[in-house]
$ cat data.cif   # mmCIF, C-alpha atoms and all ligand atoms
data_target
#
loop_
_atom_site.label_atom_id
_atom_site.label_comp_id
_atom_site.auth_asym_id
_atom_site.auth_seq_id
_atom_site.Cartn_x
_atom_site.Cartn_y
_atom_site.Cartn_z
CA MET A 13 0.00 0.00 0.00
CA LYS A 14 1.17 3.49 -0.78
CA TYR A 15 -0.02 6.72 0.74
CA TYR A 16 -0.39 9.98 -1.11
CA SER A 17 -0.56 13.49 0.27
CA LEU A 18 -3.94 15.22 0.33
CA ASN A 19 -2.09 18.39 -0.69
CA TYR A 20 -1.04 16.52 -3.90
CA ASN A 21 2.42 18.06 -3.88
CA SER A 22 4.60 15.28 -2.46
CA LYS A 23 5.62 11.83 -3.63
CA SER A 24 3.65 8.83 -2.45
CA ALA A 25 5.16 7.06 0.55
CA LEU A 26 5.20 3.53 1.91
CA PHE A 27 3.75 2.85 5.37
CA SER A 28 7.12 3.14 7.14
CA ASP A 29 8.00 6.51 5.64
CA ALA A 30 4.52 7.89 6.18
CA VAL A 31 4.71 6.85 9.86
CA LYS A 32 8.18 8.31 10.36
CA ARG A 33 7.17 11.58 8.74
CA GLY A 34 3.69 12.07 10.19
CA LEU A 35 2.79 14.74 7.64
CA ALA A 36 3.91 14.65 4.01
CA PRO A 37 6.65 17.15 3.06
CA ASP A 38 4.00 19.42 1.49
CA ARG A 39 2.26 19.44 4.94
CA GLY A 40 -0.66 17.36 3.60
CA LEU A 41 -2.20 14.38 5.40
CA TYR A 42 -1.37 10.94 4.03
CA PHE A 43 -4.22 8.90 2.54
CA PRO A 44 -4.13 5.29 1.25
CA GLU A 45 -4.11 4.91 -2.54
CA THR A 46 -6.86 2.27 -2.43
CA VAL A 47 -9.44 1.10 0.08
CA PRO A 48 -8.82 -2.61 0.69
CA GLN A 49 -11.91 -4.85 0.49
CA LEU A 50 -12.56 -7.60 3.02
CA GLN A 51 -14.18 -10.80 1.73
CA ASN A 52 -17.68 -11.93 2.72
CA LYS A 53 -16.07 -14.98 4.26
CA PHE A 54 -14.26 -12.73 6.73
CA PHE A 55 -17.57 -11.38 8.03
CA GLN A 56 -19.25 -14.80 7.97
CA THR A 57 -16.59 -16.23 10.29
CA ILE A 58 -15.71 -13.12 12.29
CA GLU A 59 -17.14 -14.47 15.55
CA LYS A 60 -14.76 -17.43 15.38
CA MET A 61 -11.67 -15.22 15.22
CA ASN A 62 -9.88 -13.92 18.27
CA THR A 63 -9.37 -10.16 18.48
CA ALA A 64 -5.75 -10.18 17.32
CA GLU A 65 -6.47 -12.38 14.26
CA MET A 66 -9.40 -10.20 13.31
CA ALA A 67 -7.41 -6.97 13.74
CA TYR A 68 -4.54 -8.45 11.72
CA SER A 69 -6.81 -9.06 8.71
CA VAL A 70 -8.12 -5.50 8.96
CA ILE A 71 -4.79 -3.67 9.17
CA LYS A 72 -2.53 -5.96 7.11
CA PRO A 73 -3.52 -4.57 3.67
CA PHE A 74 -2.58 -1.06 4.87
CA ILE A 75 0.91 -2.17 5.85
CA GLY A 76 1.75 -4.68 3.13
CA ASN A 77 5.10 -6.35 3.75
CA GLN A 78 6.51 -3.37 5.59
CA ILE A 79 5.98 -5.24 8.85
CA LEU A 80 6.01 -9.05 8.62
CA LYS A 81 3.30 -11.25 10.08
CA ALA A 82 4.98 -12.30 13.33
CA PRO A 83 6.05 -8.83 14.50
CA LEU A 84 2.75 -7.32 13.32
CA MET A 85 0.78 -9.89 15.32
CA GLU A 86 2.92 -9.06 18.34
CA ILE A 87 2.32 -5.31 17.90
CA ILE A 88 -1.44 -5.92 17.62
CA SER A 89 -1.63 -8.26 20.61
CA GLU A 90 0.24 -5.82 22.82
CA THR A 91 -1.89 -2.91 21.57
CA LEU A 92 -5.19 -4.66 22.25
CA ASP A 93 -4.42 -6.38 25.55
CA PHE A 94 -7.41 -4.90 27.37
CA GLU A 95 -11.19 -5.18 27.05
CA PHE A 96 -13.64 -3.15 24.95
CA PRO A 97 -16.95 -3.95 26.69
CA LEU A 98 -20.39 -3.09 25.33
CA VAL A 99 -22.68 -2.03 28.16
CA GLU A 100 -26.36 -1.95 27.31
CA ILE A 101 -27.98 1.00 29.01
CA LYS A 102 -31.39 0.78 27.34
CA GLU A 103 -33.15 -1.42 24.82
CA ASN A 104 -31.20 -1.13 21.55
CA ILE A 105 -28.66 1.35 22.98
CA ALA A 106 -25.22 0.41 24.28
CA ALA A 107 -22.07 2.22 25.34
CA LEU A 108 -18.85 0.88 23.84
CA GLU A 109 -16.24 1.46 26.53
CA LEU A 110 -12.96 2.46 24.94
CA PHE A 111 -11.36 3.63 28.18
CA GLN A 112 -10.13 0.39 29.72
CA GLY A 113 -6.55 0.99 28.60
CA PRO A 114 -3.65 2.22 30.76
CA THR A 115 -4.41 5.98 30.56
CA LEU A 116 -8.22 5.64 30.63
CA ALA A 117 -8.83 7.28 27.24
CA PHE A 118 -9.45 5.75 23.84
CA LYS A 119 -6.24 7.24 22.47
CA ASP A 120 -4.32 4.38 24.09
CA VAL A 121 -4.95 2.07 21.12
CA GLY A 122 -3.65 4.48 18.49
CA ALA A 123 -0.72 5.60 20.63
CA ARG A 124 0.38 2.06 21.48
CA PHE A 125 0.07 0.87 17.91
CA MET A 126 2.05 3.81 16.60
CA ALA A 127 4.75 3.47 19.27
CA ARG A 128 5.33 -0.20 18.58
CA SER A 129 5.20 0.21 14.81
CA LEU A 130 7.70 3.06 14.89
CA GLY A 131 10.00 1.14 17.23
CA HIS A 132 9.86 -1.83 14.86
CA ILE A 133 10.41 0.20 11.69
CA ASN A 134 13.40 1.92 13.26
CA ARG A 135 14.89 -1.15 14.94
CA ASN A 136 17.99 -1.49 12.74
CA SER A 137 18.74 2.19 12.50
CA ASP A 138 21.42 4.02 14.48
CA GLN A 139 19.36 7.17 14.25
CA LYS A 140 17.22 7.74 17.30
CA ILE A 141 13.76 9.14 16.66
CA THR A 142 12.41 11.89 18.88
CA VAL A 143 8.66 12.19 19.15
CA LEU A 144 7.76 15.75 20.02
CA VAL A 145 4.21 16.31 21.17
CA ALA A 146 2.26 19.22 22.62
CA THR A 147 -0.70 18.29 24.77
CA SER A 148 -3.66 20.00 26.34
CA GLY A 149 -4.19 16.92 28.50
CA ASP A 150 -5.19 13.52 27.14
CA THR A 151 -2.95 12.97 24.14
CA GLY A 152 0.28 13.39 26.10
CA GLY A 153 -0.59 10.71 28.63
CA ALA A 154 -1.57 8.15 26.00
CA VAL A 155 1.51 8.89 23.89
CA ALA A 156 3.84 8.80 26.91
CA ASN A 157 2.42 5.50 28.06
CA GLY A 158 2.39 4.00 24.57
CA PHE A 159 6.05 4.83 23.93
CA LEU A 160 7.37 3.95 27.38
CA GLY A 161 10.36 1.62 27.00
CA VAL A 162 10.23 1.57 23.19
CA GLU A 163 13.86 1.32 22.07
CA GLY A 164 15.30 3.89 19.68
CA VAL A 165 12.53 6.39 20.40
CA ASP A 166 12.61 9.30 22.85
CA VAL A 167 9.46 11.21 23.67
CA VAL A 168 9.39 14.86 24.66
CA ILE A 169 6.04 16.19 25.82
CA LEU A 170 5.24 19.87 26.18
CA TYR A 171 2.35 20.78 28.41
CA PRO A 172 1.06 24.12 29.70
CA LYS A 173 1.94 24.75 33.35
CA GLY A 174 -1.14 24.72 35.58
CA LYS A 175 -3.51 24.06 32.67
CA VAL A 176 -3.82 20.28 32.84
CA SER A 177 -5.61 18.35 35.60
CA GLU A 178 -3.62 16.75 38.41
CA ILE A 179 -4.35 13.27 37.05
CA GLN A 180 -3.22 14.28 33.58
CA GLU A 181 -0.03 15.90 34.88
CA LYS A 182 0.89 12.78 36.86
CA GLN A 183 0.29 10.63 33.78
CA LEU A 184 2.76 12.79 31.85
CA THR A 185 5.47 13.38 34.38
CA THR A 186 5.93 10.19 36.39
CA LEU A 187 6.99 7.62 33.83
CA GLY A 188 10.74 8.28 33.45
CA GLN A 189 12.89 6.13 31.09
CA ASN A 190 12.60 7.47 27.52
CA ILE A 191 9.80 9.91 28.35
CA SER A 192 10.48 13.53 29.35
CA ALA A 193 8.00 16.22 30.18
CA LEU A 194 8.57 19.93 29.68
CA GLU A 195 6.38 22.23 31.69
CA VAL A 196 5.84 25.32 29.59
CA ASP A 197 5.20 28.69 31.16
CA GLY A 198 2.27 29.48 28.86
CA VAL A 199 -0.91 28.04 27.37
CA PHE A 200 -1.49 25.07 25.05
CA ASP A 201 -1.12 27.21 21.93
CA ASP A 202 2.39 28.23 23.07
CA CYS A 203 3.34 24.55 23.37
CA GLN A 204 1.89 23.83 19.95
CA GLU A 205 3.75 26.80 18.45
CA MET A 206 7.08 25.66 19.88
CA VAL A 207 6.58 22.18 18.43
CA LYS A 208 5.83 23.66 15.02
CA THR A 209 8.91 25.89 15.21
CA ALA A 210 11.08 22.89 16.10
CA PHE A 211 9.84 20.97 13.04
CA LEU A 212 10.90 23.86 10.79
CA ASP A 213 14.21 24.59 12.54
CA ASN A 214 17.16 23.64 10.28
CA SER A 215 19.59 23.76 13.18
CA LEU A 216 17.81 20.66 14.54
CA SER A 217 18.12 18.70 11.29
CA ASP A 218 20.47 16.15 12.90
CA ILE A 219 17.66 15.09 15.18
CA SER A 220 14.98 12.88 13.61
CA LEU A 221 11.80 14.55 14.83
CA THR A 222 8.27 13.22 14.36
CA SER A 223 4.83 13.96 15.74
CA ALA A 224 2.31 11.62 17.31
CA ASN A 225 -1.15 13.09 16.82
CA SER A 226 -4.01 11.55 14.86
CA ILE A 227 -2.76 12.86 11.55
CA ASN A 228 -0.15 10.08 11.74
CA ILE A 229 -1.55 7.05 9.87
CA ALA A 230 -0.23 4.68 12.55
CA ARG A 231 -2.37 6.45 15.13
CA TRP A 232 -5.38 6.90 12.89
CA LEU A 233 -5.87 3.49 11.25
CA PRO A 234 -5.84 1.16 14.30
CA GLN A 235 -8.93 2.96 15.57
CA MET A 236 -10.83 0.87 13.01
CA PHE A 237 -10.44 -2.06 15.42
CA TYR A 238 -13.13 -0.72 17.79
CA TYR A 239 -15.82 -0.94 15.14
CA PHE A 240 -14.90 -4.48 14.12
CA ILE A 241 -14.82 -5.57 17.77
CA ALA A 242 -18.28 -4.09 18.37
CA TYR A 243 -19.69 -5.55 15.15
CA ARG A 244 -18.43 -9.00 16.10
CA ALA A 245 -20.24 -8.72 19.45
CA LEU A 246 -23.49 -7.43 17.90
CA LYS A 247 -23.67 -9.51 14.72
CA GLU A 248 -26.12 -12.07 16.13
CA LYS A 249 -28.65 -9.30 16.84
CA ASN A 250 -29.17 -9.06 13.09
CA LYS A 251 -30.11 -5.39 13.22
CA LYS A 252 -29.07 -2.31 11.34
CA LEU A 253 -26.14 -0.77 13.21
CA VAL A 254 -25.51 2.89 13.90
CA PHE A 255 -22.42 4.25 15.70
CA SER A 256 -22.42 7.60 17.43
CA VAL A 257 -18.93 9.07 17.77
CA PRO A 258 -18.05 12.04 20.02
CA SER A 259 -15.68 13.91 17.74
CA GLY A 260 -12.92 16.51 17.98
CA ASN A 261 -10.29 16.03 15.30
CA PHE A 262 -12.51 13.42 13.61
CA GLY A 263 -9.82 10.72 13.50
CA ASN A 264 -11.91 8.13 15.33
CA ILE A 265 -15.06 8.48 13.23
CA CYS A 266 -12.99 8.64 10.05
CA ALA A 267 -11.42 5.28 10.98
CA GLY A 268 -14.90 3.80 11.49
CA ILE A 269 -16.02 5.03 8.08
CA MET A 270 -12.87 3.54 6.56
CA GLY A 271 -13.86 0.19 8.10
CA GLN A 272 -17.31 0.51 6.56
CA GLN A 273 -15.77 1.26 3.17
CA MET A 274 -13.80 -2.00 3.52
CA GLY A 275 -17.11 -3.85 3.88
CA LEU A 276 -17.93 -3.71 7.60
CA PRO A 277 -21.76 -3.79 7.82
CA ILE A 278 -22.42 -0.52 9.63
CA ASP A 279 -25.48 1.35 8.36
CA HIS A 280 -24.85 4.80 9.68
CA PHE A 281 -22.49 7.08 11.61
CA ILE A 282 -23.38 10.01 13.81
CA ALA A 283 -20.79 12.76 14.21
CA CYS A 284 -21.46 14.40 17.58
CA THR A 285 -19.72 17.51 18.76
CA ASN A 286 -19.95 20.11 21.50
CA VAL A 287 -20.43 23.72 20.34
CA ASN A 288 -17.26 23.39 18.25
CA ASP A 289 -19.51 22.22 15.46
CA ALA A 290 -17.82 22.87 12.09
CA VAL A 291 -18.78 19.43 10.77
CA PRO A 292 -22.44 19.27 11.88
CA ARG A 293 -22.85 22.75 10.37
CA PHE A 294 -21.23 21.54 7.16
CA LEU A 295 -23.66 18.62 6.97
CA LYS A 296 -26.54 21.04 7.35
CA THR A 297 -25.41 23.84 5.03
CA GLY A 298 -22.86 22.25 2.68
CA THR A 299 -20.37 24.99 3.58
CA TYR A 300 -17.25 24.31 5.61
CA ASP A 301 -16.71 27.31 7.82
CA PRO A 302 -14.40 26.56 10.77
CA LYS A 303 -14.51 28.92 13.76
CA PRO A 304 -12.06 29.61 16.61
CA THR A 305 -12.12 26.99 19.37
CA VAL A 306 -14.54 27.48 22.27
CA PRO A 307 -13.72 25.83 25.64
CA THR A 308 -16.31 23.31 26.92
CA ILE A 309 -16.70 20.58 29.54
CA SER A 310 -15.95 17.95 26.88
CA ASN A 311 -12.57 19.55 26.26
CA ALA A 312 -10.96 16.74 24.27
CA MET A 313 -13.40 17.75 21.51
CA ASP A 314 -12.60 21.47 21.65
CA VAL A 315 -11.38 21.66 18.09
CA GLY A 316 -12.50 24.49 15.81
CA ASN A 317 -11.01 23.11 12.60
CA PRO A 318 -10.81 19.28 12.73
CA SER A 319 -7.68 18.02 10.98
CA ASN A 320 -9.09 14.68 9.80
CA PHE A 321 -12.19 16.09 8.11
CA ILE A 322 -10.28 16.32 4.85
CA ARG A 323 -9.85 12.53 4.96
CA ILE A 324 -13.61 12.06 5.38
CA GLN A 325 -14.24 14.37 2.43
CA LYS A 326 -11.79 12.31 0.38
CA ILE A 327 -13.60 9.05 1.25
CA PHE A 328 -16.78 10.51 -0.27
CA ASN A 329 -14.93 12.22 -3.11
CA ASN A 330 -16.09 15.61 -1.82
CA ASP A 331 -19.71 14.67 -2.56
CA VAL A 332 -21.88 16.08 0.25
CA VAL A 333 -24.94 14.12 -0.84
CA ARG A 334 -23.08 10.83 -0.58
CA MET A 335 -21.59 11.88 2.74
CA LYS A 336 -24.99 12.72 4.22
CA LYS A 337 -26.31 9.25 3.39
CA VAL A 338 -23.67 7.81 5.72
CA ILE A 339 -23.13 10.54 8.35
CA SER A 340 -25.53 12.65 10.38
CA GLY A 341 -24.24 15.46 12.58
CA TYR A 342 -25.46 16.84 15.90
CA ARG A 343 -24.03 19.36 18.35
CA TYR A 344 -24.77 20.00 22.02
CA THR A 345 -24.14 22.74 24.55
CA ASP A 346 -22.60 22.09 27.98
CA ASN A 347 -26.02 22.32 29.60
CA GLU A 348 -27.45 19.72 27.26
CA THR A 349 -24.41 17.54 27.88
CA LYS A 350 -25.03 17.67 31.64
CA LYS A 351 -28.66 16.72 31.08
CA GLY A 352 -27.43 13.82 28.96
CA LEU A 353 -25.13 12.67 31.78
CA LYS A 354 -28.09 12.72 34.18
CA GLU A 355 -30.38 10.90 31.79
CA ILE A 356 -27.87 8.07 31.29
CA TYR A 357 -27.37 7.85 35.04
CA ASP A 358 -31.12 7.70 35.67
CA LEU A 359 -31.62 4.96 33.10
CA LYS A 360 -29.34 2.40 34.60
CA GLY A 361 -27.07 4.03 37.15
CA TYR A 362 -24.41 4.24 34.45
CA ILE A 363 -21.81 6.96 34.95
CA ALA A 364 -20.71 8.33 31.59
CA ASP A 365 -18.19 11.08 30.95
CA PRO A 366 -19.10 14.35 29.16
CA HIS A 367 -17.80 13.10 25.78
CA GLY A 368 -19.81 9.88 25.97
CA ALA A 369 -22.86 11.92 27.00
CA VAL A 370 -22.57 14.00 23.81
CA GLY A 371 -22.46 10.74 21.84
CA TYR A 372 -25.53 9.44 23.66
CA LEU A 373 -27.53 12.59 22.93
CA GLY A 374 -26.78 12.39 19.22
CA LEU A 375 -27.73 8.74 19.11
CA LYS A 376 -31.02 9.39 20.86
CA GLU A 377 -31.88 12.26 18.54
CA PHE A 378 -31.04 10.20 15.46
CA LEU A 379 -33.02 7.15 16.61
CA SER A 380 -36.10 9.27 17.39
CA LYS A 381 -36.30 10.14 13.69
CA GLN A 382 -36.00 6.61 12.27
CA LYS A 383 -38.75 4.22 11.25
CA ASP A 384 -36.36 1.27 10.97
CA ASP A 385 -35.27 -0.85 13.84
CA PHE A 386 -31.67 0.10 14.61
CA TYR A 387 -29.22 -1.02 17.24
CA GLY A 388 -27.25 2.03 18.37
CA VAL A 389 -23.79 2.22 19.93
CA PHE A 390 -22.28 5.36 21.39
CA LEU A 391 -18.55 5.43 22.06
CA GLU A 392 -17.50 6.09 25.64
CA THR A 393 -14.14 7.68 24.89
CA ALA A 394 -12.88 8.46 28.40
CA HIS A 395 -13.30 7.16 31.92
CA PRO A 396 -15.50 9.52 33.98
CA VAL A 397 -12.73 9.88 36.57
CA LYS A 398 -10.80 11.99 34.07
CA PHE A 399 -13.61 14.55 34.25
CA MET A 400 -14.34 13.93 37.89
CA ASP A 401 -15.31 17.48 38.81
CA THR A 402 -18.03 17.89 36.19
CA VAL A 403 -19.34 14.37 36.59
CA GLU A 404 -19.52 14.39 40.41
CA LYS A 405 -21.16 17.81 40.53
CA THR A 406 -23.69 16.95 37.84
CA LEU A 407 -24.66 13.53 39.15
CA LYS A 408 -24.16 14.29 42.86
CA THR A 409 -22.34 11.02 43.29
CA LYS A 410 -18.76 9.81 43.75
CA VAL A 411 -16.69 8.38 40.93
CA THR A 412 -14.51 5.46 42.01
CA VAL A 413 -10.84 5.86 41.13
CA PRO A 414 -9.62 2.74 39.25
CA GLU A 415 -6.74 0.81 40.86
CA ARG A 416 -4.33 1.39 37.98
CA LEU A 417 -4.65 5.13 38.40
CA LYS A 418 -3.92 5.04 42.15
CA ASP A 419 -0.31 3.94 41.48
CA THR A 420 0.22 6.90 39.17
CA LEU A 421 -1.24 9.38 41.63
CA VAL A 422 1.26 8.57 44.41
CA LYS A 423 4.33 8.90 42.15
CA GLU A 424 6.58 11.98 42.19
CA LYS A 425 6.21 14.46 39.37
CA ASN A 426 9.38 14.95 37.32
CA SER A 427 9.38 17.72 34.73
CA THR A 428 11.65 20.44 33.37
CA PRO A 429 10.28 23.98 33.33
CA ILE A 430 10.88 25.95 30.15
CA LYS A 431 9.93 29.49 29.18
CA ASP A 432 10.58 29.85 25.47
CA TYR A 433 11.62 28.18 22.22
CA ASN A 434 15.35 28.70 22.83
CA GLN A 435 15.11 26.61 25.96
CA LEU A 436 13.32 23.86 24.03
CA ARG A 437 16.00 23.99 21.36
CA SER A 438 18.84 23.68 23.89
CA TYR A 439 17.02 20.84 25.57
CA LEU A 440 16.68 18.92 22.29
CA LEU A 441 20.33 19.55 21.33
CA ASP A 442 21.54 18.23 24.69
C1 LIG B 1 -9.47 12.76 21.54
C2 LIG B 1 -10.78 12.53 22.17
C3 LIG B 1 -12.00 12.65 21.46
C4 LIG B 1 -12.05 13.08 20.01
O1 LIG B 1 -11.55 12.11 19.13
P1 LIG B 1 -11.19 12.54 17.64
O2 LIG B 1 -10.61 11.29 17.03
O3 LIG B 1 -10.16 13.63 17.75
O4 LIG B 1 -12.43 12.98 16.98
C5 LIG B 1 -13.18 12.36 22.11
N1 LIG B 1 -13.20 12.02 23.41
C6 LIG B 1 -12.05 11.92 24.14
C7 LIG B 1 -12.14 11.57 25.57
C8 LIG B 1 -10.80 12.15 23.56
O5 LIG B 1 -9.70 12.07 24.29
#

$ encode --input "data.cif" --output "structure tokens" --more "lines below"
Ligand SMILES: *Cc1c(COP(=O)(O)O)cnc(C)c1O
Amino acid sequence: MKYYSLNYNSKSALFSDAVKRGLAPDRGLYFPETVPQLQNKFFQTIEKMNTAEMAYSVIKPFIGNQILKAPLMEIISETLDFEFPLVEIKENIAALELFQGPTLAFKDVGARFMARSLGHINRNSDQKITVLVATSGDTGGAVANGFLGVEGVDVVILYPKGKVSEIQEKQLTTLGQNISALEVDGVFDDCQEMVKTAFLDNSLSDISLTSANSINIARWLPQMFYYFIAYRALKEKNKKLVFSVPSGNFGNICAGIMGQQMGLPIDHFIACTNVNDAVPRFLKTGTYDPKPTVPTISNAMDVGNPSNFIRIQKIFNNDVVRMKKVISGYRYTDNETKKGLKEIYDLKGYIADPHGAVGYLGLKEFLSKQKDDFYGVFLETAHPVKFMDTVEKTLKTKVTVPERLKDTLVKEKNSTPIKDYNQLRSYLLD
């Protein structure tokens, strides 16, 4: 498989180069040259496959012989070594819990897959790779955890001082080994700006720098696994399936749609956002008009101009009519989100997080307009403990802290304060 740039001004790249680069040289996102098709037989026997075998068949055509079967199976097994439970909270509505991984957010799967793939691709090289990543909270923890102990790769995380939650800060700063955290005296945008400057800085050209956000194909594509796992569990219901995806940069939903294009029998997708609603507005008006980001209680979706939307447009060949047959869009305010949290809690005592609640609301609204009998799944993208304040205040109940988080919380924070780009540059050159 080759990947071309959606800016159409760079050469096509094989999987390994696309992963090492992140973005194409013309700053475009990489997109696969063809959409692989899975055979009917695959879906007829899917319930007999274990998760790793199933995931292997899904991702293999995207990688070709760039990673051989044995190491790829190992990468997949390590990536998916936790559960993805479906919890039914109402007739024909279930939450797909994607937060059972080490950092309690769905980004664990993409981050682990990318880390292991990059480590493997780079295994015989003398050149160390440095992953530089700016985080407003969740991404940094998942990336740090995913790359921990991966040989030949160092990770440098920039986070804004005092702007991430205590849990998030501990997840970033307590790992050690090949992970370092830089505490930036500024806001998230300052961190992001420094990372961008570093990528363009010729004086750093001896360092092999890459990024680890969802524009990287090795973080984006493995998110397809969730939809196959859920389909396998729901196949015997024999119903039309609809997935509701709380969306920010639109990597997760784009992966699901890719799975559908490969043949996965999903009837519909719902793109749910908070008030950062560029895509739902596009689906309504046909005009893409991104706006500056507005802060909300579902802050992992506070994205004014979603970077993966261009990939979704490509899947539908920029045809809005075709896109609307597959995707519906809904957006919700913080107040509506809190009502959603309460409603889910009242139904079955289920404690969702604000992102999952946005997904639930969209699913409910969609289902209320259908004549057909659907089975609906909303993705629970984070553990409620990560948004403890909002959840506890809204539901007037306590959220139990999972055991695996308790270990992190007692560890000592270890980070290096920096003030400006020059300090980042010196740090990288050391
Ligand atoms: C990143 C994130 C999202 C948004 O996912 P995208 O792939 O960027 O659309 C939703 N919920 C949580 C908890 C996240 O961390």

$ closest_residue --input "data.cif" --among "A:Asp384, A:Glu248, A:Asp150, A:Asp166" --to "ligand LIG 1 (chain B)" --atoms "only C-alpha atoms and all ligand atoms"
A:Asp150

$ closest_residue --input "data.cif" --among "A:Ala106, A:Val121, A:Val338, A:Leu441" --to "ligand LIG 1 (chain B)" --atoms "only C-alpha atoms and all ligand atoms"
A:Val121

$ residues_near_ligand --input "data.cif" --ligand "ligand LIG 1 (chain B)" --cutoff "7 Å" --atoms "all atoms listed in the file" --output "MDAnalysis selection string"
chainID A and resid 117:119 150:151 226 258:265 312:313 367 393:394

$ residues_around --input "data.cif" --residues "A:Ile278" --least-positions-apart "6" --cutoff "10 Å" --atoms "all atoms listed in the file" --output "list in words"
Tyr239, Phe240, Tyr243, Lys251, Lys252, Leu253, Val254, Phe255, Gly268, Ile269, Gly271, Gln272 and Val338 of chain A

$ write_last_selection --input "data.cif" --atoms "C-alpha atoms" --output "PDB file, keeping the file's coordinate frame"
ATOM      1  CA  TYR A 239     -15.820  -0.940  15.140  1.00  0.00           C
ATOM      2  CA  PHE A 240     -14.900  -4.480  14.120  1.00  0.00           C
ATOM      3  CA  TYR A 243     -19.690  -5.550  15.150  1.00  0.00           C
ATOM      4  CA  LYS A 251     -30.110  -5.390  13.220  1.00  0.00           C
ATOM      5  CA  LYS A 252     -29.070  -2.310  11.340  1.00  0.00           C
ATOM      6  CA  LEU A 253     -26.140  -0.770  13.210  1.00  0.00           C
ATOM      7  CA  VAL A 254     -25.510   2.890  13.900  1.00  0.00           C
ATOM      8  CA  PHE A 255     -22.420   4.250  15.700  1.00  0.00           C
ATOM      9  CA  GLY A 268     -14.900   3.800  11.490  1.00  0.00           C
ATOM     10  CA  ILE A 269     -16.020   5.030   8.080  1.00  0.00           C
ATOM     11  CA  GLY A 271     -13.860   0.190   8.100  1.00  0.00           C
ATOM     12  CA  GLN A 272     -17.310   0.510   6.560  1.00  0.00           C
ATOM     13  CA  VAL A 338     -23.670   7.810   5.720  1.00  0.00           C
TER      14      VAL A 338
END

$ atom_distance --input "data.cif" --atom1 "atom CA of A:Asn134" --atom2 "atom CA of A:Lys81"
16.9 Å

$ residues_around --input "data.cif" --residues "A:Lys249" --least-positions-apart "3" --cutoff "12 Å" --atoms "all atoms listed in the file" --output "PDB file with C-alpha atoms, in the coordinates of the input"
ATOM      1  CA  ASN A 104     -31.200  -1.130  21.550  1.00  0.00           C
ATOM      2  CA  ALA A 242     -18.280  -4.090  18.370  1.00  0.00           C
ATOM      3  CA  TYR A 243     -19.690  -5.550  15.150  1.00  0.00           C
ATOM      4  CA  ARG A 244     -18.430  -9.000  16.100  1.00  0.00           C
ATOM      5  CA  ALA A 245     -20.240  -8.720  19.450  1.00  0.00           C
ATOM      6  CA  LEU A 246     -23.490  -7.430  17.900  1.00  0.00           C
ATOM      7  CA  LYS A 252     -29.070  -2.310  11.340  1.00  0.00           C
ATOM      8  CA  LEU A 253     -26.140  -0.770  13.210  1.00  0.00           C
ATOM      9  CA  ASP A 385     -35.270  -0.850  13.840  1.00  0.00           C
ATOM     10  CA  PHE A 386     -31.670   0.100  14.610  1.00  0.00           C
ATOM     11  CA  TYR A 387     -29.220  -1.020  17.240  1.00  0.00           C
ATOM     12  CA  GLY A 388     -27.250   2.030  18.370  1.00  0.00           C
TER      13      GLY A 388
END

$ atom_distance --input "data.cif" --atom1 "atom CA of A:Ala369" --atom2 "atom CA of A:Leu110"
13.8 Å

$ closest_residue --input "data.cif" --among "A:Pro396, A:Pro366, A:Gly34, A:Gly275" --to "A:Gln51" --atoms "all atoms listed in the file"
A:Gly275

$ residues_around --input "data.cif" --residues "A:Asn228" --least-positions-apart "4" --cutoff "12 Å" --atoms "all atoms listed in the file" --output "PyMOL selection string"
chain A and resi 15+17+27-36+39-43+122-123+125-127+129-130+143+222-224+232-235+263+319-320

$ atom_distance --input "data.cif" --atom1 "atom CA of A:Asn62" --atom2 "atom CA of A:Leu417"
28.2 Å

$ residues_around --input "data.cif" --residues "stretch 410-415 of chain A" --least-positions-apart "6" --cutoff "9 Å" --atoms "only C-alpha atoms" --output "count of residues only"
6

$ decode --input "data.cif" --residues "stretch 428-435 of chain A" --atoms "N, CA and C atoms" --output "PDB file, in the first residue's frame"
ATOM      1  N   THR A 428      10.697  19.342  33.529  1.00  0.00           N
ATOM      2  CA  THR A 428      11.645  20.438  33.367  1.00  0.00           C
ATOM      3  C   THR A 428      10.886  21.692  32.955  1.00  0.00           C
ATOM      4  N   PRO A 429      10.980  22.750  33.745  1.00  0.00           N
ATOM      5  CA  PRO A 429      10.280  23.977  33.335  1.00  0.00           C
ATOM      6  C   PRO A 429      11.004  24.669  32.183  1.00  0.00           C
ATOM      7  N   ILE A 430      10.266  25.115  31.194  1.00  0.00           N
ATOM      8  CA  ILE A 430      10.884  25.950  30.151  1.00  0.00           C
ATOM      9  C   ILE A 430       9.998  27.167  29.895  1.00  0.00           C
ATOM     10  N   LYS A 431      10.649  28.225  29.374  1.00  0.00           N
ATOM     11  CA  LYS A 431       9.931  29.486  29.180  1.00  0.00           C
ATOM     12  C   LYS A 431       9.730  29.824  27.709  1.00  0.00           C
ATOM     13  N   ASP A 432      10.690  29.424  26.862  1.00  0.00           N
ATOM     14  CA  ASP A 432      10.580  29.854  25.467  1.00  0.00           C
ATOM     15  C   ASP A 432      11.207  28.835  24.522  1.00  0.00           C
ATOM     16  N   TYR A 433      11.143  29.143  23.226  1.00  0.00           N
ATOM     17  CA  TYR A 433      11.621  28.184  22.221  1.00  0.00           C
ATOM     18  C   TYR A 433      13.116  27.891  22.366  1.00  0.00           C
ATOM     19  N   ASN A 434      13.910  28.924  22.709  1.00  0.00           N
ATOM     20  CA  ASN A 434      15.350  28.700  22.835  1.00  0.00           C
ATOM     21  C   ASN A 434      15.667  27.635  23.871  1.00  0.00           C
ATOM     22  N   GLN A 435      14.882  27.621  24.929  1.00  0.00           N
ATOM     23  CA  GLN A 435      15.113  26.610  25.962  1.00  0.00           C
ATOM     24  C   GLN A 435      14.730  25.212  25.448  1.00  0.00           C
TER      25      GLN A 435
END
